[in-house]
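Here's work_25.txt, which has compact mmCIF, C-alpha atoms:
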```
# COMPACT_ATOMS: atom_id res chain seq x y z
CA MET Z 1 21.45 -14.14 -1.25
CA ALA Z 2 18.96 -13.22 1.49
CA ALA Z 3 21.42 -10.67 2.87
CA THR Z 4 21.70 -9.04 -0.55
CA ALA Z 5 17.91 -8.86 -0.89
CA ARG Z 6 17.62 -7.25 2.55
CA LEU Z 7 20.33 -4.75 1.68
CA LEU Z 8 18.48 -3.79 -1.51
CA ALA Z 9 15.20 -3.50 0.40
CA ALA Z 10 16.88 -1.38 3.08
CA SER Z 11 18.27 0.96 0.43
CA ARG Z 12 14.70 1.62 -0.74
CA CYS Z 13 13.37 2.18 2.79
CA LEU Z 14 13.14 5.05 5.21
CA LEU Z 15 13.30 4.55 8.97
CA VAL Z 16 9.96 5.67 10.40
CA ARG Z 17 9.01 6.08 14.04
CA SER Z 18 5.36 5.90 14.96
CA ARG Z 19 3.71 8.60 17.02
CA ALA Z 20 1.93 5.83 18.91
CA GLY Z 21 5.16 4.58 20.51
CA ILE Z 22 5.49 1.54 18.26
CA PRO Z 23 9.14 0.60 17.58
CA ALA Z 24 10.82 2.09 14.54
CA VAL Z 25 10.39 0.12 11.33
CA HIS Z 26 11.34 0.42 7.71
CA ARG Z 27 8.88 1.97 5.28
CA PRO Z 28 9.42 2.06 1.54
CA LEU Z 29 11.01 5.22 0.27
CA CYS Z 30 8.86 6.00 -2.72
CA PRO Z 31 10.72 7.39 -5.71
CA PRO Z 32 10.32 11.14 -6.16
CA ARG Z 33 8.45 12.30 -9.24
CA SER Z 34 11.70 13.67 -10.62
CA CYS Z 35 13.06 10.11 -10.89
CA LEU Z 36 10.34 9.08 -13.30
CA GLU Z 37 11.12 9.31 -16.97
CA PRO Z 38 9.61 12.45 -18.56
CA THR Z 39 7.73 10.30 -21.06
CA ALA Z 40 6.02 8.31 -18.30
CA ARG Z 41 5.07 11.47 -16.38
CA ARG Z 42 3.60 13.07 -19.51
CA PHE Z 43 1.75 9.95 -20.70
CA PHE Z 44 -0.04 9.01 -17.49
CA SER Z 45 -0.85 12.32 -15.87
CA SER Z 46 -0.12 15.92 -16.58
CA GLU Z 47 -0.45 16.62 -12.85
CA GLY Z 48 1.64 13.67 -11.63
CA LYS Z 49 -1.40 11.93 -10.16
CA VAL Z 50 -2.68 8.38 -10.31
CA THR Z 51 -6.34 7.37 -10.05
CA VAL Z 52 -7.08 4.37 -7.82
CA ASN Z 53 -10.41 2.53 -7.47
CA PHE Z 54 -10.89 1.02 -4.00
CA ILE Z 55 -13.62 -1.61 -3.69
CA ASN Z 56 -14.69 -1.26 -0.07
CA ARG Z 57 -15.90 -4.06 2.22
CA ASP Z 58 -19.51 -3.23 1.41
CA GLY Z 59 -18.87 -3.56 -2.34
CA ASP Z 60 -18.97 0.17 -3.05
CA THR Z 61 -16.24 1.64 -5.22
CA ILE Z 62 -14.37 4.66 -3.91
CA VAL Z 63 -12.34 6.55 -6.52
CA ALA Z 64 -9.40 8.64 -5.32
CA GLN Z 65 -6.33 10.27 -6.77
CA GLY Z 66 -2.88 10.29 -5.23
CA LYS Z 67 0.43 11.79 -6.15
CA ILE Z 68 3.03 9.60 -7.78
CA GLY Z 69 5.27 8.43 -4.96
CA ASP Z 70 2.55 8.41 -2.28
CA SER Z 71 1.72 5.08 -0.66
CA LEU Z 72 -1.81 3.72 -0.90
CA LEU Z 73 -2.10 4.30 2.85
CA ASP Z 74 -1.22 7.98 2.25
CA VAL Z 75 -4.03 8.21 -0.30
CA VAL Z 76 -6.61 6.72 2.10
CA VAL Z 77 -5.52 9.03 4.94
CA GLU Z 78 -5.08 12.23 2.90
CA LYS Z 79 -8.40 11.78 1.07
CA ASN Z 80 -10.15 10.72 4.31
CA LEU Z 81 -11.62 7.65 2.60
CA ASP Z 82 -14.28 5.78 4.57
CA ILE Z 83 -12.45 2.49 5.14
CA ASP Z 84 -12.79 1.54 8.81
CA GLY Z 85 -9.63 0.54 10.63
CA PHE Z 86 -7.39 1.05 7.60
CA GLY Z 87 -3.78 1.86 8.49
CA ALA Z 88 -4.15 1.66 12.26
CA CYS Z 89 -0.38 1.52 12.84
CA GLU Z 90 0.25 4.55 10.57
CA GLY Z 91 2.35 2.54 8.12
CA THR Z 92 4.92 1.21 10.59
CA LEU Z 93 4.46 -2.45 9.55
CA ALA Z 94 3.04 -3.31 12.99
CA CYS Z 95 -0.41 -4.46 11.83
CA SER Z 96 -2.14 -5.73 8.70
CA THR Z 97 -5.05 -3.29 8.58
CA CYS Z 98 -4.02 -1.80 5.23
CA HIS Z 99 -4.22 -5.22 3.54
CA LEU Z 100 -5.33 -4.84 -0.09
CA ILE Z 101 -5.95 -7.33 -2.88
CA PHE Z 102 -4.54 -6.35 -6.28
CA GLU Z 103 -5.50 -7.35 -9.79
CA ASP Z 104 -2.95 -9.82 -11.14
CA PRO Z 105 -1.50 -7.63 -13.94
CA ILE Z 106 -0.72 -4.84 -11.46
CA PHE Z 107 0.46 -7.27 -8.76
CA GLN Z 108 3.01 -8.76 -11.17
CA GLN Z 109 4.62 -5.32 -11.62
CA LEU Z 110 4.96 -4.48 -7.91
CA GLU Z 111 8.33 -4.59 -6.19
CA GLN Z 112 9.09 -7.78 -4.32
CA VAL Z 113 7.57 -8.18 -0.86
CA THR Z 114 9.98 -7.80 2.09
CA ASP Z 115 10.23 -10.32 4.92
CA GLU Z 116 8.73 -7.77 7.33
CA GLU Z 117 5.70 -7.21 5.10
CA MET Z 118 5.27 -10.96 4.61
CA ASP Z 119 5.23 -11.47 8.39
CA MET Z 120 2.30 -9.02 8.69
CA LEU Z 121 0.51 -10.43 5.64
CA ASP Z 122 0.63 -13.90 7.22
CA LEU Z 123 -1.62 -12.50 9.98
CA ALA Z 124 -4.12 -10.84 7.63
CA TYR Z 125 -7.67 -12.13 7.08
CA GLY Z 126 -8.60 -13.10 3.54
CA LEU Z 127 -5.01 -13.43 2.33
CA THR Z 128 -4.76 -14.12 -1.42
CA GLU Z 129 -1.97 -14.70 -3.92
CA THR Z 130 -2.17 -10.99 -4.85
CA SER Z 131 -2.34 -9.51 -1.33
CA ARG Z 132 -0.05 -6.67 -0.25
CA LEU Z 133 -0.04 -3.99 2.44
CA GLY Z 134 -1.07 -0.56 1.18
CA CYS Z 135 1.53 1.16 3.36
CA GLN Z 136 4.26 -0.59 1.36
CA ILE Z 137 2.98 0.16 -2.16
CA CYS Z 138 3.94 3.51 -3.68
CA LEU Z 139 1.97 4.93 -6.59
CA GLN Z 140 3.65 4.71 -9.98
CA PRO Z 141 2.37 5.76 -13.41
CA PHE Z 142 1.57 2.17 -14.51
CA MET Z 143 -0.97 1.98 -11.67
CA ASN Z 144 -3.21 4.69 -13.09
CA GLY Z 145 -6.80 3.42 -13.12
CA MET Z 146 -6.06 0.27 -11.11
CA THR Z 147 -8.63 -1.36 -8.85
CA VAL Z 148 -7.74 -2.72 -5.42
CA LYS Z 149 -10.07 -4.61 -3.12
CA VAL Z 150 -10.33 -4.11 0.63
CA PRO Z 151 -10.82 -7.56 2.23
CA GLU Z 152 -14.14 -8.26 3.95
CA ALA Z 153 -12.52 -8.46 7.40
CA VAL Z 154 -9.46 -6.91 8.97
CA ALA Z 155 -7.27 -7.97 11.87
CA ASP Z 156 -5.19 -5.51 13.84
CA VAL Z 157 -2.50 -7.80 15.19
CA ARG Z 158 -1.64 -5.21 17.83
CA GLN Z 159 -5.08 -5.64 19.41
CA ALA Z 160 -6.14 -9.09 18.13
CA VAL Z 161 -9.56 -7.60 17.32
CA ASP Z 162 -11.63 -8.40 14.22
CA MET Z 163 -13.04 -5.18 12.82
CA GLY Z 164 -15.30 -7.26 10.52
CA LYS Z 165 -17.62 -5.66 8.02
CA ASN Z 166 -17.89 -2.31 9.78
CA SER Z 167 -17.27 -0.07 6.82
```
Could you spell out this file's structure in structure tokens?
Amino acid sequence: MAATARLLAASRCLLVRSRAGIPAVHRPLCPPRSCLEPTARRFFSSEGKVTVNFINRDGDTIVAQGKIGDSLLDVVVEKNLDIDGFGACEGTLACSTCHLIFEDPIFQQLEQVTDEEMDMLDLAYGLTETSRLGCQICLQPFMNGMTVKVPEAVADVRQAVDMGKNS
């Protein structure tokens, strides 16, 4: 059964090599907009965008839009959001700096966590029942308007350094 789950996860992943020399890892292959049902595209956004509310470590809310299919890490990087240390490994599943806490209704609709993501989540500060890594979550229409919380502290397992409340 585990082999079948890994095969399914692998079929939804893209092999990514980091520019920082970190070994190649699997990253989710987000579905292209064309794969979404026309009704869903039309209902949630005429431009194929999803609005996300990030509650930063200092309690401030940062609102950003991303394209359907982008990962939450992509949104933070592309919009240059002020979240210190977020996505230090560039989405290669080599750290837990893009750890986010989801609201339960959204969390219940996310794809199942992979073993690789779970290994990194186990090393994250402030782990909750609804924690996931933003590099592994691709925007979908049902996420429009969701709120995700950035934990108060972050650990980059590559450096074993606590970034703390620096944002």
- Message: Can you tell me which residues surround Ala64 of chain Z at a distance of at most 10 Å, considering all atoms listed in the file, apart from same-chain residues fewer than 4 positions away, and format the answer as a PyMOL selection string?
- Response: chain Z and resi 49-54+75-76+78-81+145
- Query: In Å, with one decimal, what is the gap from atom CA of Lys67 of chain Z to atom CA of Pro141 of chain Z?
  - Reply: 9.6 Å
- Contacts of Leu133 of chain Z at 10 Å (all atoms listed in the file; same-chain gap of 3+ positions) as a list of chain:residue names: Z:Ser71, Z:Leu72, Z:Leu73, Z:Gly87, Z:Gly91, Z:Leu93, Z:Cys95, Z:Ser96, Z:Thr97, Z:Cys98, Z:His99, Z:Leu100, Z:Ile101, Z:Val113, Z:Glu117, Z:Met118, Z:Met120, Z:Leu121, Z:Ala124, Z:Gln136, Z:Ile137
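All residues that come within 12 Å of the coordinates (-2.3, -15.1, -4.1), counting all atoms listed in the file, are given as Leu100, Ile101, Phe102, Glu103, Asp104, Phe107, Gln108, Leu121, Asp122, Gly126, Leu127, Thr128, Glu129, Thr130, Ser131 and Arg132 of chain Z.
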- Separating atom CA of Ile55 of chain Z from atom CA of Asn144 of chain Z, to the nearest tenth of an Å, is a gap of 15.4 Å
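Of note, atom CA of Met143 of chain Z and atom CA of Gly66 of chain Z are spaced 10.7 Å apart.
Distances to Phe86 of chain Z were evaluated for Z:Asp74, Z:Leu110, Z:Leu139, Z:Met146 using only C-alpha atoms, and the minimum falls at Z:Asp74.
Shortest atom-to-atom contact with Asp84 of chain Z among Z:Phe142, Z:Val150, Z:Pro105, Z:Cys135: Z:Val150, counting all atoms listed in the file.
Among the candidates Z:Val63, Z:Ala153, Z:Ile106, Z:Ala94, the one nearest to Asp82 of chain Z when counting only C-alpha atoms is Z:Val63.
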- Message: as number ranges by chain, please: the residues near Asn56 of chain Z (cut-off 7 Å, all atoms listed in the file, same-chain neighbours under 4 positions excluded).
- Response: Z: 60-61, 83, 149-150
